[in-house]
$ cat coords.tsv   # TSV, N, CA and C atoms
chain	number	residue	atom	x	y	z
C	1253	MET	N	95.06	41.99	104.53
C	1253	MET	CA	95.37	41.54	105.89
C	1253	MET	C	96.65	42.19	106.42
C	1254	GLN	N	97.56	42.49	105.50
C	1254	GLN	CA	98.81	43.13	105.90
C	1254	GLN	C	98.55	44.47	106.58
C	1255	THR	N	97.63	45.25	106.03
C	1255	THR	CA	97.31	46.56	106.61
C	1255	THR	C	96.70	46.41	107.99
C	1256	VAL	N	95.78	45.46	108.14
C	1256	VAL	CA	95.17	45.21	109.45
C	1256	VAL	C	96.24	44.83	110.47
C	1257	ALA	N	97.15	43.96	110.06
C	1257	ALA	CA	98.23	43.53	110.95
C	1257	ALA	C	99.08	44.71	111.38
C	1258	GLN	N	99.45	45.56	110.44
C	1258	GLN	CA	100.31	46.69	110.76
C	1258	GLN	C	99.60	47.68	111.69
C	1259	VAL	N	98.30	47.90	111.45
C	1259	VAL	CA	97.53	48.79	112.33
C	1259	VAL	C	97.47	48.21	113.74
C	1260	LEU	N	97.21	46.92	113.85
C	1260	LEU	CA	97.14	46.30	115.19
C	1260	LEU	C	98.48	46.36	115.91
C	1261	VAL	N	99.56	46.14	115.18
C	1261	VAL	CA	100.89	46.25	115.79
C	1261	VAL	C	101.11	47.68	116.27
C	1262	GLY	N	100.71	48.65	115.47
C	1262	GLY	CA	100.83	50.06	115.87
C	1262	GLY	C	100.02	50.38	117.11
C	1263	VAL	N	98.82	49.81	117.20
C	1263	VAL	CA	97.97	50.03	118.38
C	1263	VAL	C	98.64	49.45	119.62
C	1264	VAL	N	99.19	48.24	119.51
C	1264	VAL	CA	99.86	47.61	120.66
C	1264	VAL	C	101.10	48.43	121.04
C	1265	ALA	N	101.84	48.91	120.06
C	1265	ALA	CA	103.00	49.76	120.36
C	1265	ALA	C	102.56	51.03	121.09
C	1266	ALA	N	101.48	51.65	120.62
C	1266	ALA	CA	100.98	52.87	121.26
C	1266	ALA	C	100.51	52.59	122.69
C	1267	LEU	N	99.84	51.46	122.89
C	1267	LEU	CA	99.42	51.08	124.25
C	1267	LEU	C	100.61	50.99	125.18
C	1268	HIS	N	101.68	50.35	124.71
C	1268	HIS	CA	102.85	50.18	125.57
C	1268	HIS	C	103.60	51.49	125.79
C	1269	ALA	N	103.57	52.38	124.82
C	1269	ALA	CA	104.13	53.72	125.04
C	1269	ALA	C	103.31	54.45	126.11
C	1270	TYR	N	101.99	54.29	126.06
C	1270	TYR	CA	101.12	54.88	127.08
C	1270	TYR	C	101.41	54.28	128.45
C	1271	PHE	N	101.59	52.95	128.51
C	1271	PHE	CA	101.92	52.30	129.78
C	1271	PHE	C	103.22	52.85	130.33
C	1272	LEU	N	104.21	53.10	129.45
C	1272	LEU	CA	105.48	53.69	129.88
C	1272	LEU	C	105.23	55.03	130.56
C	1273	VAL	N	104.49	55.91	129.91
C	1273	VAL	CA	104.22	57.24	130.46
C	1273	VAL	C	103.47	57.12	131.79
C	1274	LEU	N	102.46	56.28	131.81
C	1274	LEU	CA	101.64	56.11	133.00
C	1274	LEU	C	102.48	55.60	134.18
C	1275	GLU	N	103.29	54.59	133.94
C	1275	GLU	CA	104.03	53.96	135.03
C	1275	GLU	C	105.28	54.74	135.43
C	1276	MET	N	105.91	55.42	134.48
C	1276	MET	CA	107.14	56.14	134.80
C	1276	MET	C	106.89	57.57	135.30
C	1277	PHE	N	105.84	58.22	134.78
C	1277	PHE	CA	105.66	59.64	135.05
C	1277	PHE	C	104.34	60.01	135.74
C	1278	LEU	N	103.34	59.16	135.63
C	1278	LEU	CA	102.02	59.50	136.18
C	1278	LEU	C	101.57	58.57	137.30
C	1279	TRP	N	102.45	57.73	137.77
C	1279	TRP	CA	102.10	56.72	138.77
C	1279	TRP	C	101.52	57.32	140.05
C	1280	GLN	N	102.09	58.45	140.47
C	1280	GLN	CA	101.64	59.06	141.72
C	1280	GLN	C	100.61	60.17	141.50
C	1281	ARG	N	100.17	60.34	140.28
C	1281	ARG	CA	99.15	61.33	139.94
C	1281	ARG	C	97.82	60.61	139.69
C	1282	ALA	N	96.79	61.38	139.43
C	1282	ALA	CA	95.44	60.83	139.30
C	1282	ALA	C	95.33	59.64	138.32
C	1283	PRO	N	95.92	59.71	137.11
C	1283	PRO	CA	95.76	58.56	136.21
C	1283	PRO	C	96.38	57.26	136.77
C	1284	GLY	N	97.54	57.39	137.35
C	1284	GLY	CA	98.20	56.21	137.93
C	1284	GLY	C	97.47	55.68	139.15
C	1285	LEU	N	96.98	56.59	139.98
C	1285	LEU	CA	96.24	56.18	141.17
C	1285	LEU	C	94.94	55.48	140.79
C	1286	ARG	N	94.26	55.99	139.74
C	1286	ARG	CA	93.03	55.33	139.27
C	1286	ARG	C	93.34	53.94	138.73
C	1287	LEU	N	94.40	53.83	137.96
C	1287	LEU	CA	94.75	52.54	137.38
C	1287	LEU	C	95.10	51.52	138.45
C	1288	SER	N	95.94	51.91	139.37
C	1288	SER	CA	96.43	50.97	140.37
C	1288	SER	C	95.46	50.74	141.51
C	1289	GLY	N	94.61	51.74	141.79
C	1289	GLY	CA	93.71	51.64	142.92
C	1289	GLY	C	94.43	51.84	144.25
C	1290	MET	N	95.63	52.36	144.20
C	1290	MET	CA	96.44	52.56	145.41
C	1290	MET	C	96.20	53.95	145.99
C	1291	ASP	N	96.48	54.05	147.27
C	1291	ASP	CA	96.46	55.38	147.89
C	1291	ASP	C	97.81	56.05	147.59
C	1292	ALA	N	97.90	57.32	147.90
C	1292	ALA	CA	99.10	58.10	147.56
C	1292	ALA	C	100.36	57.55	148.22
C	1293	GLY	N	100.26	57.09	149.45
C	1293	GLY	CA	101.43	56.55	150.15
C	1293	GLY	C	101.94	55.27	149.52
C	1294	THR	N	101.03	54.38	149.16
C	1294	THR	CA	101.44	53.13	148.51
C	1294	THR	C	102.01	53.42	147.13
C	1295	ALA	N	101.40	54.35	146.41
C	1295	ALA	CA	101.92	54.72	145.09
C	1295	ALA	C	103.33	55.28	145.21
C	1296	ARG	N	103.57	56.11	146.22
C	1296	ARG	CA	104.90	56.67	146.43
C	1296	ARG	C	105.91	55.55	146.71
C	1297	ALA	N	105.51	54.59	147.53
C	1297	ALA	CA	106.41	53.49	147.90
C	1297	ALA	C	106.69	52.56	146.72
C	1298	THR	N	105.74	52.43	145.82
C	1298	THR	CA	105.91	51.50	144.69
C	1298	THR	C	106.36	52.19	143.41
C	1299	ALA	N	106.53	53.51	143.44
C	1299	ALA	CA	106.90	54.26	142.24
C	1299	ALA	C	108.16	53.74	141.55
C	1300	PRO	N	109.23	53.39	142.29
C	1300	PRO	CA	110.41	52.86	141.60
C	1300	PRO	C	110.12	51.54	140.86
C	1301	LEU	N	109.29	50.71	141.45
C	1301	LEU	CA	108.92	49.46	140.78
C	1301	LEU	C	108.09	49.74	139.53
C	1302	ALA	N	107.14	50.66	139.64
C	1302	ALA	CA	106.31	51.02	138.49
C	1302	ALA	C	107.15	51.63	137.38
C	1303	ALA	N	108.12	52.46	137.74
C	1303	ALA	CA	108.98	53.07	136.73
C	1303	ALA	C	109.80	52.02	136.01
C	1304	ASN	N	110.29	51.04	136.72
C	1304	ASN	CA	111.03	49.94	136.09
C	1304	ASN	C	110.13	49.17	135.13
C	1305	GLN	N	108.94	48.91	135.57
C	1305	GLN	CA	107.97	48.21	134.73
C	1305	GLN	C	107.64	49.06	133.49
C	1306	GLY	N	107.50	50.36	133.68
C	1306	GLY	CA	107.23	51.25	132.56
C	1306	GLY	C	108.35	51.23	131.54
C	1307	LEU	N	109.59	51.16	132.02
C	1307	LEU	CA	110.73	51.10	131.11
C	1307	LEU	C	110.66	49.85	130.24
C	1308	TYR	N	110.31	48.73	130.84
C	1308	TYR	CA	110.17	47.49	130.06
C	1308	TYR	C	109.05	47.62	129.03
C	1309	ASN	N	107.96	48.27	129.39
C	1309	ASN	CA	106.89	48.51	128.42
C	1309	ASN	C	107.39	49.37	127.27
C	1310	GLY	N	108.25	50.31	127.58
C	1310	GLY	CA	108.86	51.13	126.53
C	1310	GLY	C	109.72	50.31	125.59
C	1311	PHE	N	110.44	49.35	126.13
C	1311	PHE	CA	111.24	48.47	125.27
C	1311	PHE	C	110.35	47.66	124.34
C	1312	LEU	N	109.21	47.19	124.86
C	1312	LEU	CA	108.27	46.47	124.00
C	1312	LEU	C	107.75	47.38	122.88
C	1313	ALA	N	107.38	48.61	123.22
C	1313	ALA	CA	106.92	49.55	122.21
C	1313	ALA	C	108.00	49.81	121.17
C	1314	ALA	N	109.23	50.02	121.62
C	1314	ALA	CA	110.33	50.28	120.69
C	1314	ALA	C	110.57	49.09	119.76
C	1315	GLY	N	110.49	47.90	120.30
C	1315	GLY	CA	110.67	46.71	119.47
C	1315	GLY	C	109.59	46.57	118.42
C	1316	LEU	N	108.36	46.91	118.80
C	1316	LEU	CA	107.26	46.83	117.83
C	1316	LEU	C	107.40	47.90	116.75
C	1317	VAL	N	107.82	49.09	117.12
C	1317	VAL	CA	108.05	50.15	116.14
C	1317	VAL	C	109.18	49.74	115.20
C	1318	TRP	N	110.23	49.15	115.75
C	1318	TRP	CA	111.32	48.64	114.92
C	1318	TRP	C	110.78	47.60	113.93
C	1319	GLY	N	109.93	46.70	114.43
C	1319	GLY	CA	109.34	45.69	113.56
C	1319	GLY	C	108.50	46.28	112.45
C	1320	LEU	N	107.82	47.38	112.73
C	1320	LEU	CA	107.04	48.05	111.69
C	1320	LEU	C	107.93	48.74	110.67
C	1321	ALA	N	109.05	49.29	111.13
C	1321	ALA	CA	109.93	50.06	110.26
C	1321	ALA	C	110.88	49.19	109.45
C	1322	ALA	N	111.28	48.06	109.99
C	1322	ALA	CA	112.26	47.21	109.32
C	1322	ALA	C	111.62	46.45	108.16
C	1323	GLY	N	112.40	46.22	107.14
C	1323	GLY	CA	111.92	45.39	106.04
C	1323	GLY	C	111.89	43.93	106.44
C	1324	ASP	N	111.16	43.15	105.66
C	1324	ASP	CA	111.11	41.71	105.93
C	1324	ASP	C	112.38	41.05	105.42
C	1325	PRO	N	112.86	40.00	106.03
C	1325	PRO	CA	112.19	39.22	107.07
C	1325	PRO	C	112.40	39.75	108.49
C	1326	THR	N	113.29	40.72	108.67
C	1326	THR	CA	113.57	41.22	110.01
C	1326	THR	C	112.33	41.82	110.67
C	1327	GLY	N	111.57	42.63	109.95
C	1327	GLY	CA	110.40	43.27	110.51
C	1327	GLY	C	109.37	42.26	110.98
C	1328	PHE	N	109.11	41.25	110.16
C	1328	PHE	CA	108.17	40.19	110.53
C	1328	PHE	C	108.64	39.47	111.79
C	1329	ARG	N	109.90	39.10	111.81
C	1329	ARG	CA	110.45	38.37	112.96
C	1329	ARG	C	110.42	39.21	114.23
C	1330	ALA	N	110.75	40.49	114.10
C	1330	ALA	CA	110.72	41.38	115.28
C	1330	ALA	C	109.30	41.52	115.80
C	1331	GLN	N	108.34	41.67	114.90
C	1331	GLN	CA	106.94	41.78	115.33
C	1331	GLN	C	106.49	40.52	116.05
C	1332	VAL	N	106.81	39.36	115.49
C	1332	VAL	CA	106.41	38.10	116.13
C	1332	VAL	C	107.06	37.97	117.50
C	1333	PHE	N	108.35	38.28	117.59
C	1333	PHE	CA	109.05	38.16	118.86
C	1333	PHE	C	108.46	39.10	119.92
C	1334	PHE	N	108.34	40.39	119.58
C	1334	PHE	CA	107.88	41.35	120.58
C	1334	PHE	C	106.40	41.16	120.92
C	1335	LEU	N	105.59	40.78	119.95
C	1335	LEU	CA	104.18	40.49	120.28
C	1335	LEU	C	104.09	39.26	121.17
C	1336	GLY	N	104.94	38.26	120.93
C	1336	GLY	CA	104.98	37.10	121.82
C	1336	GLY	C	105.34	37.51	123.23
C	1337	CYS	N	106.30	38.42	123.36
C	1337	CYS	CA	106.68	38.94	124.68
C	1337	CYS	C	105.51	39.67	125.34
C	1338	VAL	N	104.77	40.46	124.55
C	1338	VAL	CA	103.61	41.19	125.07
C	1338	VAL	C	102.58	40.21	125.61
C	1339	VAL	N	102.29	39.16	124.84
C	1339	VAL	CA	101.27	38.19	125.25
C	1339	VAL	C	101.72	37.46	126.52
C	1340	ILE	N	102.95	37.01	126.56
C	1340	ILE	CA	103.46	36.30	127.73
C	1340	ILE	C	103.44	37.21	128.96
C	1341	ALA	N	103.89	38.45	128.80
C	1341	ALA	CA	103.88	39.39	129.93
C	1341	ALA	C	102.45	39.66	130.39
C	1342	GLY	N	101.52	39.76	129.45
C	1342	GLY	CA	100.12	40.00	129.81
C	1342	GLY	C	99.50	38.84	130.55
C	1343	VAL	N	99.79	37.63	130.11
C	1343	VAL	CA	99.25	36.44	130.79
C	1343	VAL	C	99.86	36.33	132.19
C	1344	TYR	N	101.16	36.55	132.29
C	1344	TYR	CA	101.82	36.49	133.59
C	1344	TYR	C	101.28	37.58	134.52
C	1345	GLY	N	101.14	38.80	134.01
C	1345	GLY	CA	100.61	39.89	134.82
C	1345	GLY	C	99.19	39.61	135.29
C	1346	ALA	N	98.39	39.01	134.43
C	1346	ALA	CA	97.02	38.67	134.81
C	1346	ALA	C	97.00	37.59	135.89
C	1347	ALA	N	97.93	36.66	135.81
C	1347	ALA	CA	97.97	35.56	136.79
C	1347	ALA	C	98.53	36.01	138.13
C	1348	THR	N	99.42	37.02	138.11
C	1348	THR	CA	100.11	37.38	139.35
C	1348	THR	C	99.73	38.73	139.93
C	1349	ALA	N	99.18	39.63	139.12
C	1349	ALA	CA	98.93	40.98	139.62
C	1349	ALA	C	97.47	41.39	139.52
C	1350	ASN	N	96.92	41.38	138.31
C	1350	ASN	CA	95.55	41.87	138.11
C	1350	ASN	C	94.99	41.26	136.84
C	1351	ARG	N	93.83	40.67	136.94
C	1351	ARG	CA	93.23	39.99	135.78
C	1351	ARG	C	92.92	40.93	134.64
C	1352	ARG	N	92.75	42.22	134.92
C	1352	ARG	CA	92.47	43.20	133.86
C	1352	ARG	C	93.60	43.26	132.84
C	1353	ILE	N	94.80	42.88	133.24
C	1353	ILE	CA	95.94	42.91	132.34
C	1353	ILE	C	95.73	41.95	131.16
C	1354	LEU	N	94.97	40.90	131.40
C	1354	LEU	CA	94.68	39.96	130.31
C	1354	LEU	C	93.96	40.67	129.17
C	1355	ILE	N	93.02	41.52	129.51
C	1355	ILE	CA	92.25	42.25	128.49
C	1355	ILE	C	93.03	43.44	127.94
C	1356	ALA	N	93.72	44.17	128.81
C	1356	ALA	CA	94.40	45.40	128.41
C	1356	ALA	C	95.70	45.15	127.65
C	1357	GLN	N	96.37	44.02	127.90
C	1357	GLN	CA	97.67	43.79	127.30
C	1357	GLN	C	97.71	42.51	126.48
C	1358	ALA	N	97.33	41.39	127.07
C	1358	ALA	CA	97.49	40.11	126.38
C	1358	ALA	C	96.55	39.98	125.18
C	1359	LEU	N	95.31	40.40	125.32
C	1359	LEU	CA	94.35	40.27	124.22
C	1359	LEU	C	94.75	41.10	123.00
C	1360	PRO	N	95.04	42.40	123.16
C	1360	PRO	CA	95.49	43.15	121.97
C	1360	PRO	C	96.76	42.55	121.35
C	1361	GLY	N	97.68	42.10	122.19
C	1361	GLY	CA	98.90	41.48	121.68
C	1361	GLY	C	98.61	40.21	120.91
C	1362	ALA	N	97.70	39.39	121.43
C	1362	ALA	CA	97.36	38.14	120.76
C	1362	ALA	C	96.65	38.40	119.44
C	1363	LEU	N	95.75	39.37	119.41
C	1363	LEU	CA	95.07	39.72	118.15
C	1363	LEU	C	96.06	40.21	117.11
C	1364	ALA	N	96.97	41.07	117.53
C	1364	ALA	CA	97.99	41.58	116.60
C	1364	ALA	C	98.90	40.44	116.14
C	1365	LEU	N	99.30	39.57	117.04
C	1365	LEU	CA	100.15	38.44	116.68
C	1365	LEU	C	99.45	37.53	115.66
C	1366	ALA	N	98.19	37.24	115.90
C	1366	ALA	CA	97.45	36.41	114.95
C	1366	ALA	C	97.38	37.07	113.58
C	1367	ALA	N	97.13	38.39	113.55
C	1367	ALA	CA	97.06	39.11	112.29
C	1367	ALA	C	98.40	39.10	111.56
C	1368	VAL	N	99.48	39.30	112.30
C	1368	VAL	CA	100.82	39.29	111.70
C	1368	VAL	C	101.12	37.91	111.11
C	1369	LEU	N	100.80	36.86	111.86
C	1369	LEU	CA	101.07	35.51	111.36
C	1369	LEU	C	100.21	35.19	110.14
C	1370	LEU	N	98.96	35.61	110.15
C	1370	LEU	CA	98.09	35.36	109.00
C	1370	LEU	C	98.54	36.15	107.78
C	1371	ALA	N	99.05	37.36	108.00
C	1371	ALA	CA	99.50	38.20	106.89
C	1371	ALA	C	100.86	37.76	106.35
C	1372	GLY	N	101.63	37.11	107.23
C	1372	GLY	CA	103.01	36.73	106.88
C	1372	GLY	C	103.08	35.64	105.90

$ encode --input "coords.tsv" --output "structure tokens"
Amino acid sequence: MQTVAQVLVGVVAALHAYFLVLEMFLWQRAPGLRLSGMDAGTARATAPLAANQGLYNGFLAAGLVWGLAAGDPTGFRAQVFFLGCVVIAGVYGAATANRRILIAQALPGALALAAVLLAG
């Protein structure tokens, strides 16, 4: 179970690193426009907000990588904390912005969190 947990944490970290790139650097390009469903003008106007959001996603990814690299008990605690943050952010994003965030962010985070807790 430990291996499954670590793989799931790595997947969630990779997702958030991808979100960072998408929101900070590709927001006004085809991938960002497809994701957001915005036209070019709206994407341009919201780019600073998306970049800020991308930076926070990067912090989540960094925290999860730290949790994978650190020995226990610090690594376990960091994984639980950052996965909890991922789940909360995903639920909030789904409630306030787009329901797809529940599947794209909260669900992977919750699965990884459950695996980490079961393995711990």

$ atom_distance --input "coords.tsv" --atom1 "atom N of Ala1358 of chain C" --atom2 "atom CA of Ala1297 of chain C"
25.7 Å

$ atom_distance --input "coords.tsv" --atom1 "atom C of Arg1351 of chain C" --atom2 "atom C of Arg1329 of chain C"
26.9 Å

$ residues_around --input "coords.tsv" --residues "Gly1336 of chain C" --least-positions-apart "5" --cutoff "6.5 Å" --atoms "only N, CA and C atoms" --output "ChimeraX atom specification"
/C:1331,1341,1365

$ residues_near_point --input "coords.tsv" --point "(103.7, 46.3, 115.5)" --cutoff "8 Å" --atoms "only N, CA and C atoms" --output "PyMOL selection string"
chain C and resi 1257-1266+1313+1315-1321+1330-1332+1334-1335+1364

$ closest_residue --input "coords.tsv" --among "C:Thr1326, C:Thr1255, C:Asn1350, C:Asn1309" --to "Ser1288 of chain C" --atoms "only C-alpha atoms"
C:Asn1350

$ closest_residue --input "coords.tsv" --among "C:Val1339, C:Ala1346, C:Gly1289, C:Gly1284" --to "Pro1360 of chain C" --atoms "all atoms listed in the file"
C:Val1339

$ atom_distance --input "coords.tsv" --atom1 "atom C of Val1368 of chain C" --atom2 "atom C of Asn1304 of chain C"
28.0 Å

$ closest_residue --input "coords.tsv" --among "C:Cys1337, C:Ala1314, C:Leu1363, C:Ala1303" --to "Trp1279 of chain C" --atoms "all atoms listed in the file"
C:Ala1303

$ closest_residue --input "coords.tsv" --among "C:Leu1307, C:Ala1367, C:Met1276, C:Val1338" --to "Ala1295 of chain C" --atoms "only C-alpha atoms"
C:Met1276

$ select_by_dssp --input "coords.tsv" --residues "chain C" --states "alpha helix (DSSP H)" --output "JSON, numbers by chain"
{"C": [1254, 1255, 1256, 1257, 1258, 1259, 1260, 1261, 1262, 1263, 1264, 1265, 1266, 1267, 1268, 1269, 1270, 1271, 1272, 1273, 1274, 1275, 1276, 1277, 1282, 1283, 1284, 1285, 1286, 1287, 1288, 1292, 1293, 1294, 1295, 1296, 1297, 1298, 1299, 1300, 1301, 1302, 1303, 1304, 1305, 1306, 1307, 1308, 1309, 1310, 1311, 1312, 1313, 1314, 1315, 1316, 1317, 1318, 1319, 1320, 1321, 1326, 1327, 1328, 1329, 1330, 1331, 1332, 1333, 1334, 1335, 1336, 1337, 1338, 1339, 1340, 1341, 1342, 1343, 1344, 1345, 1346, 1347, 1348, 1352, 1353, 1359, 1360, 1361, 1362, 1363, 1364, 1365, 1366, 1367, 1368, 1369, 1370, 1371]}

$ axis_aligned_box --input "coords.tsv" --around "segment 1263-1275 of chain C" --padding-each-side "3 Å" --output "lines of an AutoDock Vina configuration file"
center_x = 101.7
center_y = 52.4
center_z = 126.3
size_x = 13.5
size_y = 15.6
size_z = 24.2
